[in-house]
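Content type mmCIF, C-alpha atoms, from the file query.cif:
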data_work
#
loop_
_atom_site.label_atom_id
_atom_site.label_comp_id
_atom_site.auth_asym_id
_atom_site.auth_seq_id
_atom_site.Cartn_x
_atom_site.Cartn_y
_atom_site.Cartn_z
CA MET A 1 6.58 1.57 48.16
CA MET A 2 3.81 -0.42 46.54
CA SER A 3 5.18 0.20 43.10
CA PHE A 4 8.62 -0.90 44.26
CA LEU A 5 7.18 -4.14 45.61
CA PHE A 6 5.30 -4.58 42.39
CA LYS A 7 8.52 -4.15 40.43
CA ILE A 8 10.27 -6.77 42.53
CA LEU A 9 7.34 -9.10 42.09
CA LYS A 10 7.40 -8.55 38.35
CA ARG A 11 11.10 -9.38 38.21
CA ARG A 12 10.68 -12.45 40.40
CA MET A 13 7.97 -13.74 38.11
CA GLY A 14 10.84 -14.05 35.70
CA MET A 15 11.70 -13.14 32.13
CA ASP A 16 9.06 -10.49 31.96
CA ASN A 17 11.30 -8.09 30.09
CA GLU A 18 12.60 -10.79 27.84
CA ARG A 19 9.10 -11.91 26.95
CA LEU A 20 8.09 -8.34 26.30
CA ILE A 21 11.00 -7.55 24.01
CA GLU A 22 10.35 -10.75 22.06
CA THR A 23 6.73 -9.73 21.68
CA ALA A 24 7.70 -6.26 20.51
CA ILE A 25 10.20 -7.60 17.98
CA LEU A 26 7.68 -10.11 16.66
CA ALA A 27 5.06 -7.39 16.32
CA GLY A 28 7.52 -5.21 14.45
CA GLU A 29 8.51 -8.00 12.12
CA ILE A 30 4.92 -8.86 11.21
CA MET A 31 4.02 -5.24 10.60
CA LEU A 32 7.08 -4.48 8.51
CA ARG A 33 6.47 -7.62 6.45
CA GLY A 34 2.87 -6.55 6.00
CA GLY A 35 3.92 -3.27 4.44
CA ALA A 36 3.33 -0.85 7.31
CA GLU A 37 5.14 2.47 7.47
CA ALA A 38 8.36 2.42 9.51
CA TYR A 39 7.16 5.08 11.91
CA ARG A 40 4.00 3.10 12.66
CA VAL A 41 6.09 0.03 13.43
CA GLU A 42 8.35 2.07 15.69
CA ASP A 43 5.33 3.57 17.41
CA THR A 44 3.68 0.21 18.07
CA MET A 45 6.90 -1.34 19.34
CA SER A 46 7.64 1.49 21.74
CA HIS A 47 4.07 1.32 23.02
CA ILE A 48 4.55 -2.36 23.79
CA LEU A 49 7.92 -1.67 25.44
CA GLN A 50 6.34 1.02 27.61
CA ASN A 51 5.03 -1.84 29.75
CA ALA A 52 8.59 -2.98 30.46
CA ASP A 53 10.25 -2.27 33.72
CA ALA A 54 13.56 -0.82 32.51
CA ASP A 55 15.53 2.39 32.64
CA ARG A 56 16.25 2.59 28.98
CA LYS A 57 13.89 1.57 26.17
CA GLU A 58 15.05 2.04 22.60
CA VAL A 59 13.58 1.00 19.27
CA ILE A 60 15.02 1.52 15.79
CA VAL A 61 13.14 0.47 12.67
CA MET A 62 14.47 0.76 9.13
CA THR A 63 13.23 -0.58 5.82
CA THR A 64 14.82 -3.97 6.34
CA ALA A 65 15.91 -4.05 9.97
CA ILE A 66 14.48 -3.86 13.47
CA MET A 67 16.41 -3.31 16.68
CA ALA A 68 15.20 -3.02 20.25
CA GLU A 69 16.97 -2.58 23.56
CA LEU A 70 15.88 -2.79 27.20
CA THR A 71 18.38 -1.94 29.88
CA VAL A 72 17.96 -2.22 33.62
CA LYS A 73 20.73 -0.44 35.52
CA GLY A 74 23.37 -2.86 36.72
CA GLU A 75 22.21 -5.76 34.55
CA THR A 76 23.22 -6.99 31.12
CA PRO A 77 21.18 -5.11 28.52
CA LEU A 78 18.60 -7.03 26.54
CA ILE A 79 19.11 -6.45 22.83
CA ARG A 80 17.21 -8.05 19.97
CA MET A 81 17.68 -7.59 16.25
CA ARG A 82 15.79 -8.82 13.24
CA ARG A 83 16.60 -8.65 9.56
CA VAL A 84 13.38 -8.45 7.56
CA ASN A 85 13.55 -9.54 3.97
CA ASN A 86 10.83 -10.62 1.57
CA ARG A 87 8.42 -7.90 2.46
CA GLY A 88 5.01 -8.07 0.85
CA ILE A 89 1.74 -6.31 1.39
CA ASP A 90 -0.67 -7.76 3.92
CA LEU A 91 -2.74 -5.05 5.55
CA ASN A 92 -4.80 -7.56 7.47
CA LYS A 93 -1.82 -8.56 9.60
CA VAL A 94 -0.95 -4.91 10.22
CA VAL A 95 -4.47 -4.27 11.49
CA LEU A 96 -4.48 -7.39 13.66
CA VAL A 97 -1.15 -6.61 15.29
CA ASN A 98 -2.28 -3.03 15.81
CA ASP A 99 -5.34 -4.31 17.65
CA ILE A 100 -3.33 -6.72 19.77
CA SER A 101 -0.86 -4.05 20.83
CA ARG A 102 -3.72 -1.72 21.66
CA LYS A 103 -5.29 -4.40 23.86
CA LEU A 104 -1.92 -5.23 25.43
CA CYS A 105 -1.30 -1.62 26.37
CA GLY A 106 -4.85 -1.20 27.61
CA GLY A 107 -4.34 -4.13 29.96
CA GLU A 108 -6.98 -6.27 28.31
CA MET A 109 -4.48 -8.93 27.29
CA SER A 110 -1.47 -10.49 28.97
CA VAL A 111 1.96 -10.57 27.34
CA ASP A 112 1.91 -14.33 26.90
CA GLU A 113 -1.48 -14.22 25.28
CA ALA A 114 -0.34 -11.49 22.90
CA TYR A 115 2.82 -13.40 22.03
CA ASP A 116 0.89 -16.59 21.25
CA LYS A 117 -1.60 -14.72 19.09
CA MET A 118 1.12 -12.93 17.16
CA GLN A 119 3.01 -16.13 16.57
CA ARG A 120 -0.11 -17.59 15.00
CA ILE A 121 -0.51 -14.51 12.83
CA SER A 122 3.12 -14.46 11.73
CA ALA A 123 2.84 -17.83 9.97
CA ASP A 124 3.02 -17.43 6.21
CA LYS A 125 -0.15 -19.35 5.58
CA TYR A 126 -2.19 -17.09 7.82
CA LYS A 127 -4.08 -15.39 5.01
CA GLN A 128 -7.65 -14.30 4.53
CA TYR A 129 -7.90 -15.76 1.06
CA THR A 130 -6.01 -18.89 0.19
CA SER A 131 -7.81 -20.37 -2.81
CA GLU A 132 -5.91 -19.90 -6.06
CA LEU A 133 -9.10 -19.82 -8.08
CA PHE A 134 -10.29 -16.95 -5.94
CA MET A 135 -7.02 -15.07 -6.52
CA LEU A 136 -7.42 -15.62 -10.26
CA LEU A 137 -10.92 -14.16 -10.15
CA THR A 138 -9.63 -11.30 -8.02
CA TYR A 139 -7.03 -10.30 -10.58
CA ILE A 140 -9.62 -10.50 -13.35
CA GLY A 141 -12.07 -8.44 -11.31
CA ALA A 142 -9.45 -5.79 -10.59
CA VAL A 143 -8.39 -5.57 -14.24
CA ILE A 144 -12.00 -5.27 -15.39
CA GLY A 145 -12.62 -2.54 -12.82
CA PHE A 146 -9.56 -0.53 -13.82
CA THR A 147 -10.41 -0.91 -17.51
CA ILE A 148 -13.88 0.51 -16.92
CA MET A 149 -12.34 3.24 -14.82
CA PHE A 150 -10.18 4.40 -17.71
CA GLY A 151 -13.13 4.51 -20.08
CA GLY A 152 -13.46 0.91 -21.32
CA LYS A 153 -16.77 -0.31 -22.76
CA LEU A 154 -18.14 -3.80 -23.44
CA ASN A 155 -15.42 -4.83 -25.92
CA GLU A 156 -12.68 -3.76 -23.56
CA ILE A 157 -14.33 -5.52 -20.62
CA LEU A 158 -14.44 -8.81 -22.50
CA SER A 159 -10.78 -8.43 -23.51
CA ALA A 160 -9.93 -7.50 -19.92
CA VAL A 161 -11.05 -10.97 -18.86
CA CYS A 162 -8.27 -12.41 -21.05
CA THR A 163 -5.57 -9.96 -19.98
CA GLY A 164 -6.61 -10.29 -16.35
CA GLY A 165 -6.26 -14.04 -16.63
CA ALA A 166 -2.80 -13.66 -18.14
CA LEU A 167 -1.79 -11.23 -15.40
CA ALA A 168 -3.10 -13.57 -12.71
CA PHE A 169 -1.27 -16.52 -14.25
CA CYS A 170 2.03 -14.60 -14.34
CA GLN A 171 1.68 -13.24 -10.82
CA ILE A 172 0.53 -16.48 -9.16
CA SER A 173 3.06 -18.73 -10.88
CA GLY A 174 5.79 -16.13 -10.33
CA GLY A 175 4.92 -16.12 -6.65
CA LYS A 176 5.24 -19.90 -6.58
CA LEU A 177 8.62 -19.81 -8.34
CA LYS A 178 9.72 -17.07 -5.90
CA ALA A 179 10.76 -14.83 -8.79
CA ASN A 180 12.01 -11.40 -7.75
CA GLY A 181 9.69 -8.42 -8.05
CA PHE A 182 11.45 -6.57 -10.85
CA MET A 183 11.50 -9.51 -13.23
CA LEU A 184 8.01 -10.63 -12.34
CA GLU A 185 6.56 -7.21 -13.07
CA THR A 186 8.44 -6.84 -16.33
CA VAL A 187 7.32 -10.25 -17.54
CA SER A 188 3.71 -9.65 -16.48
CA ALA A 189 3.57 -6.26 -18.19
CA THR A 190 5.10 -7.75 -21.34
CA ALA A 191 2.58 -10.59 -21.38
CA VAL A 192 -0.38 -8.30 -20.84
CA THR A 193 0.71 -5.83 -23.51
CA ALA A 194 1.44 -8.55 -26.02
CA LEU A 195 -1.92 -10.19 -25.39
CA ALA A 196 -3.73 -6.87 -25.76
CA ILE A 197 -2.02 -6.18 -29.09
CA VAL A 198 -2.72 -9.69 -30.37
CA LEU A 199 -6.37 -9.35 -29.37
CA LYS A 200 -6.63 -6.05 -31.21
CA ALA A 201 -4.99 -7.54 -34.28
CA PHE A 202 -7.06 -10.71 -34.52
CA VAL A 203 -10.46 -9.93 -33.03
CA PRO A 204 -12.56 -8.08 -35.60
CA VAL A 205 -14.06 -5.53 -33.22
CA SER A 206 -12.68 -2.16 -32.26
CA ILE A 207 -10.78 -2.24 -28.98
CA ASN A 208 -9.61 0.85 -27.14
CA ILE A 209 -6.14 -0.54 -26.54
CA ASP A 210 -5.03 2.34 -24.27
CA ALA A 211 -7.72 1.67 -21.68
CA LEU A 212 -7.11 -2.06 -21.89
CA ILE A 213 -3.35 -1.93 -21.33
CA VAL A 214 -3.50 0.76 -18.66
CA GLY A 215 -6.25 -1.14 -16.84
CA SER A 216 -4.21 -4.32 -16.97
CA ILE A 217 -1.01 -2.83 -15.57
CA MET A 218 -2.77 -0.84 -12.83
CA PRO A 219 -2.91 -3.76 -10.33
CA MET A 220 0.91 -3.73 -10.32
CA VAL A 221 1.57 0.00 -9.86
CA PRO A 222 3.48 0.87 -6.68
CA GLY A 223 0.71 2.81 -4.93
CA VAL A 224 1.52 1.36 -1.52
CA SER A 225 5.20 2.28 -1.80
CA ILE A 226 4.39 5.85 -2.82
CA THR A 227 1.95 6.33 0.05
CA ASN A 228 4.34 4.86 2.61
CA ALA A 229 7.29 6.82 1.23
CA VAL A 230 5.46 10.11 1.66
CA ARG A 231 4.22 9.33 5.14
CA ASP A 232 7.62 8.09 6.34
CA THR A 233 9.40 11.12 4.93
CA LEU A 234 6.91 13.40 6.63
CA GLN A 235 7.69 11.73 9.97
CA GLY A 236 11.36 12.62 9.55
CA ASP A 237 12.29 9.04 8.71
CA TYR A 238 14.31 10.09 5.65
CA LEU A 239 16.23 6.86 5.33
CA THR A 240 13.15 4.68 5.10
CA GLY A 241 11.19 7.26 3.11
CA GLY A 242 13.99 7.60 0.61
CA SER A 243 14.40 3.89 0.11
CA ARG A 244 10.64 3.46 -0.31
CA MET A 245 10.66 6.19 -2.97
CA MET A 246 13.47 4.37 -4.73
CA GLU A 247 11.40 1.18 -4.53
CA ALA A 248 8.42 2.93 -6.10
CA PHE A 249 10.47 4.24 -9.02
CA ILE A 250 12.12 0.88 -9.62
CA HIS A 251 8.73 -0.79 -9.79
CA ALA A 252 7.41 1.90 -12.12
CA ALA A 253 10.45 1.47 -14.35
CA ALA A 254 9.93 -2.31 -14.39
CA ILE A 255 6.35 -1.94 -15.57
CA ALA A 256 7.23 0.66 -18.20
CA LEU A 257 10.03 -1.58 -19.42
CA GLY A 258 7.64 -4.51 -19.69
CA VAL A 259 5.10 -2.51 -21.68
CA GLY A 260 7.91 -1.27 -23.92
CA ILE A 261 9.20 -4.78 -24.60
CA GLY A 262 5.70 -6.05 -25.36
CA MET A 263 5.10 -3.25 -27.83
CA ALA A 264 8.48 -3.53 -29.47
CA ILE A 265 8.10 -7.25 -30.11
CA PHE A 266 4.46 -7.56 -31.02
CA GLY A 267 3.48 -4.07 -32.12
CA SER A 268 5.34 -3.90 -35.41
CA LYS A 269 4.71 -7.51 -36.26
CA PHE A 270 0.96 -7.63 -36.01
CA ILE A 271 -0.43 -4.17 -36.44
CA GLY A 272 2.46 -1.99 -37.49
CA ARG A 273 3.69 1.20 -35.99
CA THR A 274 1.03 3.44 -37.45
CA VAL A 275 -1.83 1.55 -35.86
CA LEU A 276 -0.03 1.22 -32.57
CA MET B 277 -18.80 9.10 -16.10
CA ILE B 278 -21.03 7.17 -13.69
CA LEU B 279 -19.78 3.98 -15.32
CA GLN B 280 -16.20 5.06 -14.66
CA ILE B 281 -16.96 5.75 -11.01
CA VAL B 282 -18.59 2.34 -10.66
CA GLY B 283 -15.45 0.96 -12.33
CA ALA B 284 -13.31 2.61 -9.66
CA PHE B 285 -15.41 0.93 -6.98
CA VAL B 286 -15.12 -2.50 -8.60
CA ALA B 287 -11.40 -2.09 -9.26
CA MET B 288 -10.54 -1.00 -5.77
CA PHE B 289 -12.76 -3.61 -4.15
CA TRP B 290 -10.80 -6.36 -5.87
CA PHE B 291 -7.46 -4.63 -5.55
CA ALA B 292 -8.08 -4.37 -1.81
CA VAL B 293 -8.49 -8.14 -1.77
CA LEU B 294 -5.07 -8.44 -3.43
CA ILE B 295 -3.36 -6.42 -0.71
CA GLU B 296 -5.25 -8.39 1.98
CA THR B 297 -7.35 -5.60 3.38
CA PRO B 298 -9.50 -6.94 6.23
CA LYS B 299 -12.85 -8.13 4.93
CA LYS B 300 -15.02 -5.63 6.75
CA TYR B 301 -13.24 -2.65 5.17
CA LEU B 302 -13.43 -3.83 1.54
CA PRO B 303 -16.60 -1.91 0.56
CA LEU B 304 -15.37 1.23 2.31
CA ALA B 305 -12.09 1.04 0.40
CA GLY B 306 -14.10 0.91 -2.81
CA VAL B 307 -16.20 3.89 -1.78
CA VAL B 308 -13.12 5.97 -0.94
CA ALA B 309 -11.63 5.12 -4.33
CA SER B 310 -14.79 6.09 -6.21
CA VAL B 311 -15.03 9.41 -4.36
CA GLY B 312 -11.40 10.09 -5.27
CA TRP B 313 -11.96 9.20 -8.91
CA PHE B 314 -15.13 11.33 -9.02
CA VAL B 315 -13.19 14.35 -7.79
CA TYR B 316 -10.44 13.61 -10.31
CA LEU B 317 -12.84 13.42 -13.25
CA VAL B 318 -14.71 16.60 -12.26
CA CYS B 319 -11.48 18.54 -11.80
CA GLU B 320 -10.02 17.28 -15.04
CA ASN B 321 -13.16 18.37 -16.88
CA MET B 322 -12.92 21.80 -15.31
CA TRP B 323 -9.24 22.60 -15.75
CA ALA B 324 -8.02 19.95 -18.19
CA ASP B 325 -4.92 19.48 -16.05
CA ALA B 326 -4.03 16.02 -14.76
CA VAL B 327 -1.60 17.29 -12.11
CA LEU B 328 -4.08 19.68 -10.49
CA ALA B 329 -6.86 17.11 -10.67
CA THR B 330 -4.58 14.55 -9.00
CA PHE B 331 -3.79 17.01 -6.27
CA CYS B 332 -7.47 17.72 -5.55
CA SER B 333 -8.34 14.04 -5.62
CA ALA B 334 -5.51 13.03 -3.30
CA PHE B 335 -6.36 15.90 -0.97
CA THR B 336 -10.00 14.83 -0.66
CA VAL B 337 -9.08 11.18 -0.28
CA THR B 338 -6.57 11.86 2.49
CA PHE B 339 -9.14 13.91 4.37
CA ILE B 340 -11.80 11.21 4.12
CA SER B 341 -9.40 8.44 5.08
CA HIS B 342 -8.23 10.28 8.17
CA LEU B 343 -11.82 10.75 9.30
CA LEU B 344 -12.66 7.10 8.62
CA ALA B 345 -9.53 5.86 10.35
CA ARG B 346 -10.32 7.88 13.45
CA ARG B 347 -13.83 6.53 13.55
CA MET B 348 -12.91 2.88 12.89
CA LYS B 349 -9.71 2.97 15.00
CA THR B 350 -7.60 1.39 12.26
CA PRO B 351 -4.40 2.45 10.48
CA VAL B 352 -5.17 5.24 8.04
CA THR B 353 -3.22 3.52 5.25
CA ILE B 354 -6.05 1.07 4.60
CA PHE B 355 -8.27 3.77 3.17
CA LEU B 356 -5.46 6.00 1.97
CA ILE B 357 -3.94 3.38 -0.32
CA ALA B 358 -7.37 2.58 -1.73
CA GLY B 359 -7.97 6.22 -2.54
CA ILE B 360 -4.52 6.94 -3.94
CA ILE B 361 -4.23 3.95 -6.31
CA PRO B 362 -6.60 5.27 -9.03
CA THR B 363 -4.59 8.48 -9.38
CA VAL B 364 -1.17 6.81 -9.35
CA PRO B 365 0.29 7.58 -12.79
CA GLY B 366 -0.20 4.16 -14.40
CA ALA B 367 -1.56 5.69 -17.59
CA THR B 368 1.38 8.07 -17.77
CA MET B 369 3.81 5.19 -17.39
CA TYR B 370 2.12 3.45 -20.28
CA ARG B 371 2.39 6.57 -22.44
CA ILE B 372 6.10 6.93 -21.67
CA ALA B 373 6.75 3.40 -22.90
CA TYR B 374 4.44 3.97 -25.88
CA TYR B 375 6.23 7.09 -27.10
CA VAL B 376 9.68 5.65 -26.46
CA ILE B 377 8.77 2.75 -28.75
CA LEU B 378 7.32 5.13 -31.33
CA GLY B 379 10.59 7.06 -31.21
CA ASP B 380 8.92 10.30 -30.22
CA ASN B 381 11.39 11.61 -27.65
CA GLN B 382 9.67 14.91 -27.05
CA MET B 383 6.38 13.32 -26.07
CA SER B 384 8.03 10.66 -23.91
CA ILE B 385 9.97 13.30 -21.97
CA HIS B 386 6.77 15.33 -21.65
CA TYR B 387 5.03 12.34 -20.07
CA LEU B 388 8.07 11.53 -17.93
CA MET B 389 7.89 15.03 -16.49
CA GLU B 390 4.16 14.61 -16.01
CA MET B 391 4.73 11.39 -14.08
CA PHE B 392 7.11 13.17 -11.71
CA LYS B 393 4.65 16.03 -11.34
CA ILE B 394 1.74 13.71 -10.58
CA ALA B 395 3.78 11.76 -8.03
CA GLY B 396 4.78 15.08 -6.48
CA ALA B 397 1.18 16.26 -6.39
CA ILE B 398 0.11 13.12 -4.54
CA ALA B 399 2.99 13.55 -2.08
CA VAL B 400 2.20 17.21 -1.42
CA ALA B 401 -1.50 16.48 -0.90
CA ILE B 402 -0.78 13.75 1.66
CA PHE B 403 1.86 15.97 3.30
CA ILE B 404 -0.50 18.89 3.82
CA MET B 405 -3.43 16.85 5.07
CA ASP B 406 -1.29 14.72 7.39
CA SER B 407 0.32 17.79 8.90
CA LEU B 408 -3.06 19.44 9.44
CA PHE B 409 -4.35 16.37 11.22
CA ARG B 410 -1.21 16.11 13.30
CA ILE B 411 -1.54 19.73 14.40
CA ALA B 412 -5.19 19.12 15.21
CA LYS B 413 -4.30 16.04 17.24
CA LYS B 414 -1.55 17.81 19.18
CA ASN B 415 -3.82 20.70 20.06
CA GLY B 416 -6.67 18.43 21.06
CA ILE B 417 -9.05 19.41 18.28
CA LYS B 418 -11.47 16.64 17.40
CA PRO B 419 -12.09 15.76 13.74
CA GLY B 420 -15.74 16.79 14.05
CA SER B 421 -14.94 20.34 15.00
CA ILE B 422 -12.62 20.77 12.02
CA THR B 423 -15.39 19.91 9.59
CA GLN B 424 -17.65 22.43 11.23
CA ASN B 425 -15.08 25.18 10.92
CA GLU B 426 -14.43 24.61 7.26
#
structure tokens encoding of this file:
Amino acid sequence: MMSFLFKILKRRMGMDNERLIETAILAGEIMLRGGAEAYRVEDTMSHILQNADADRKEVIVMTTAIMAELTVKGETPLIRMRRVNNRGIDLNKVVLVNDISRKLCGGEMSVDEAYDKMQRISADKYKQYTSELFMLLTYIGAVIGFTIMFGGKLNEILSAVCTGGALAFCQISGGKLKANGFMLETVSATAVTALAIVLKAFVPVSINIDALIVGSIMPMVPGVSITNAVRDTLQGDYLTGGSRMMEAFIHAAAIALGVGIGMAIFGSKFIGRTVL
Amino acid sequence: MILQIVGAFVAMFWFAVLIETPKKYLPLAGVVASVGWFVYLVCENMWADAVLATFCSAFTVTFISHLLARRMKTPVTIFLIAGIIPTVPGATMYRIAYYVILGDNQMSIHYLMEMFKIAGAIAVAIFIMDSLFRIAKKNGIKPGSITQNE
């Protein structure tokens, strides 16, 4: 009896279900954009929808689409859809939304509060690091780290500063021009390879060019896609898993193509095939 | 070798910034990556086989990341991606392009096969560890008790 009254009260308070489904869809969109696995998005959304007062609660998440439905018997069903393009990687947002949904389900946060918070998070400029100089240094730091990891010494580290700078320039300006991923990666890999070969040809110290080039292309490798592909496939989400795998191979092919172009153009000209 | 492990830490710390890992997890991401790379280097020295070494590394990394994720109550991917990245076949991709340009088809196909094998090894390692943890979760076994049994 009490629960029935509570239900009536909830409905009278108005738009509770609608608010909830909007919150769920927004959460799903942010997470999918942030590069979360599809099954995690589905899980979070259905947890949020568990709070709804409806007879039928359905969520479908695919690589580029989200759908949710709430139906109360005898009323028009509530259905929301979202097409999600331009996905990037932003783990911070995934973690934040995860926290919010956990608090929402635990009753520590009201739906309105959660919706407001998520809307603030979903803005594009909501980033941890915004300074371009910092991003430049980040790319250089990553390239130096990977170069050391693959056996680079002092000479390679100093050259890695140059290639890292080139990589950062390509990636940041490409992001500003909104270039698509395939082209951006090919161009970046070409630039890095060409620069490495030129450095080896003109700087009179010995440079381990393998470690340098591999270290410079490592920040672009599709590690996130591979990880997500495996975990989605394991969950039985073959559609999403398969498309993520495809994504990983396309990115790998783009990088290999870029390295190949860089070598073909600059390799024979400056140091000849035998040295390369 | 120590230098290379430090390199893995530095690389992953900065790479984690690139994929916008929350600030408080940055050092942990680096630590997971260096543990993974340490296992990889040791295994490669022992067996001289990149595929097997990748498998061992990915296996260890997945285990650690699941434990960390349980403790920190965050998505496991944060640590998992950090640990997997060093073993992702970037070097193999470079060699494929290198031998294609040199015109050495045999070597390029050899490395192409190796790339598929390494990717498969990573996948299988994550598969096994994830399934184990899922079984443990369904049967109500806590992560602590698994470590004691092993």
Chain A residues within 6 Å of chain B, counting all atoms listed in the file: which ones, as a VMD selection string? chain A and resid 89 to 92 138 141 to 142 145 to 146 148 to 149 214 218 223 to 224 230 256 260
Residue list as number ranges by chain for point (2.9, -14.6, 15.6), cut-off 12 Å, all atoms listed in the file: A: 22-31, 93-94, 96-97, 100, 112-126
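Rounded to one decimal, atom CA of Lys393 of chain B and atom CA of Ala329 of chain B lie 11.6 Å from each other.
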Residue members of the PyMOL selection byres ((chain A and resi 185-201) around 6) in the file shown, as a PyMOL selection string: chain A and resi 163+167+170+182-184+202-203+254-255+258-259+262+266
Expressed in Å, the length from atom CA of Arg82 of chain A to atom CA of Ile66 of chain A is 5.1 Å
Tell me, as a ChimeraX atom specification, which residues lie within 9 Å of Leu304 of chain B, counting all atoms listed in the file; anything in the same chain fewer than 4 positions away does not count. /B:289,300,308-309,355
For Met405 of chain B, list every protein, DNA or RNA residue within 9 Å, evaluated using all atoms listed in the file, and leave out those in the same chain fewer than 6 positions away; present the list as a VMD selection string. chain B and resid 335 to 336 338 to 339 342
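With all atoms listed in the file as the basis for measurement, A:Gly88 is the residue among A:Gly106, A:Gly88, A:Pro77, A:Gly152 that approaches Asn180 of chain A most closely.
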Atom CA of Asn17 of chain A and atom CA of Thr63 of chain A are how many Å apart?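 About the pair atom CA of Asn17 of chain A and atom CA of Thr63 of chain A: they are 25.5 Å apart.
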Let me know the residues the PyMOL selection byres ((chain A and resi 245) around 12) catches in the file above, as a compact mmCIF listing (two decimals) with C-alpha atoms, in the frame of the given file.
# COMPACT_ATOMS: atom_id res chain seq x y z
CA THR A 63 13.23 -0.58 5.82
CA PRO A 222 3.48 0.87 -6.68
CA GLY A 223 0.71 2.81 -4.93
CA VAL A 224 1.52 1.36 -1.52
CA SER A 225 5.20 2.28 -1.80
CA ILE A 226 4.39 5.85 -2.82
CA THR A 227 1.95 6.33 0.05
CA ASN A 228 4.34 4.86 2.61
CA ALA A 229 7.29 6.82 1.23
CA VAL A 230 5.46 10.11 1.66
CA ARG A 231 4.22 9.33 5.14
CA ASP A 232 7.62 8.09 6.34
CA THR A 233 9.40 11.12 4.93
CA TYR A 238 14.31 10.09 5.65
CA LEU A 239 16.23 6.86 5.33
CA THR A 240 13.15 4.68 5.10
CA GLY A 241 11.19 7.26 3.11
CA GLY A 242 13.99 7.60 0.61
CA SER A 243 14.40 3.89 0.11
CA ARG A 244 10.64 3.46 -0.31
CA MET A 246 13.47 4.37 -4.73
CA GLU A 247 11.40 1.18 -4.53
CA ALA A 248 8.42 2.93 -6.10
CA PHE A 249 10.47 4.24 -9.02
CA ILE A 250 12.12 0.88 -9.62
CA HIS A 251 8.73 -0.79 -9.79
CA ALA A 252 7.41 1.90 -12.12
CA PHE B 392 7.11 13.17 -11.71
CA ALA B 395 3.78 11.76 -8.03
CA GLY B 396 4.78 15.08 -6.48
CA ALA B 399 2.99 13.55 -2.08
Decode the PyMOL selection byres ((chain A and resi 215) around 7) for the given file into explicit residues and return them as a ChimeraX atom specification. /A:143,146-147,150,211-214,216-218
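In this comparison, which uses only C-alpha atoms, the residue of B:Ala345, B:Val318, B:Ile411, B:Ile394 approaching Val95 of chain A most closely is B:Ala345.
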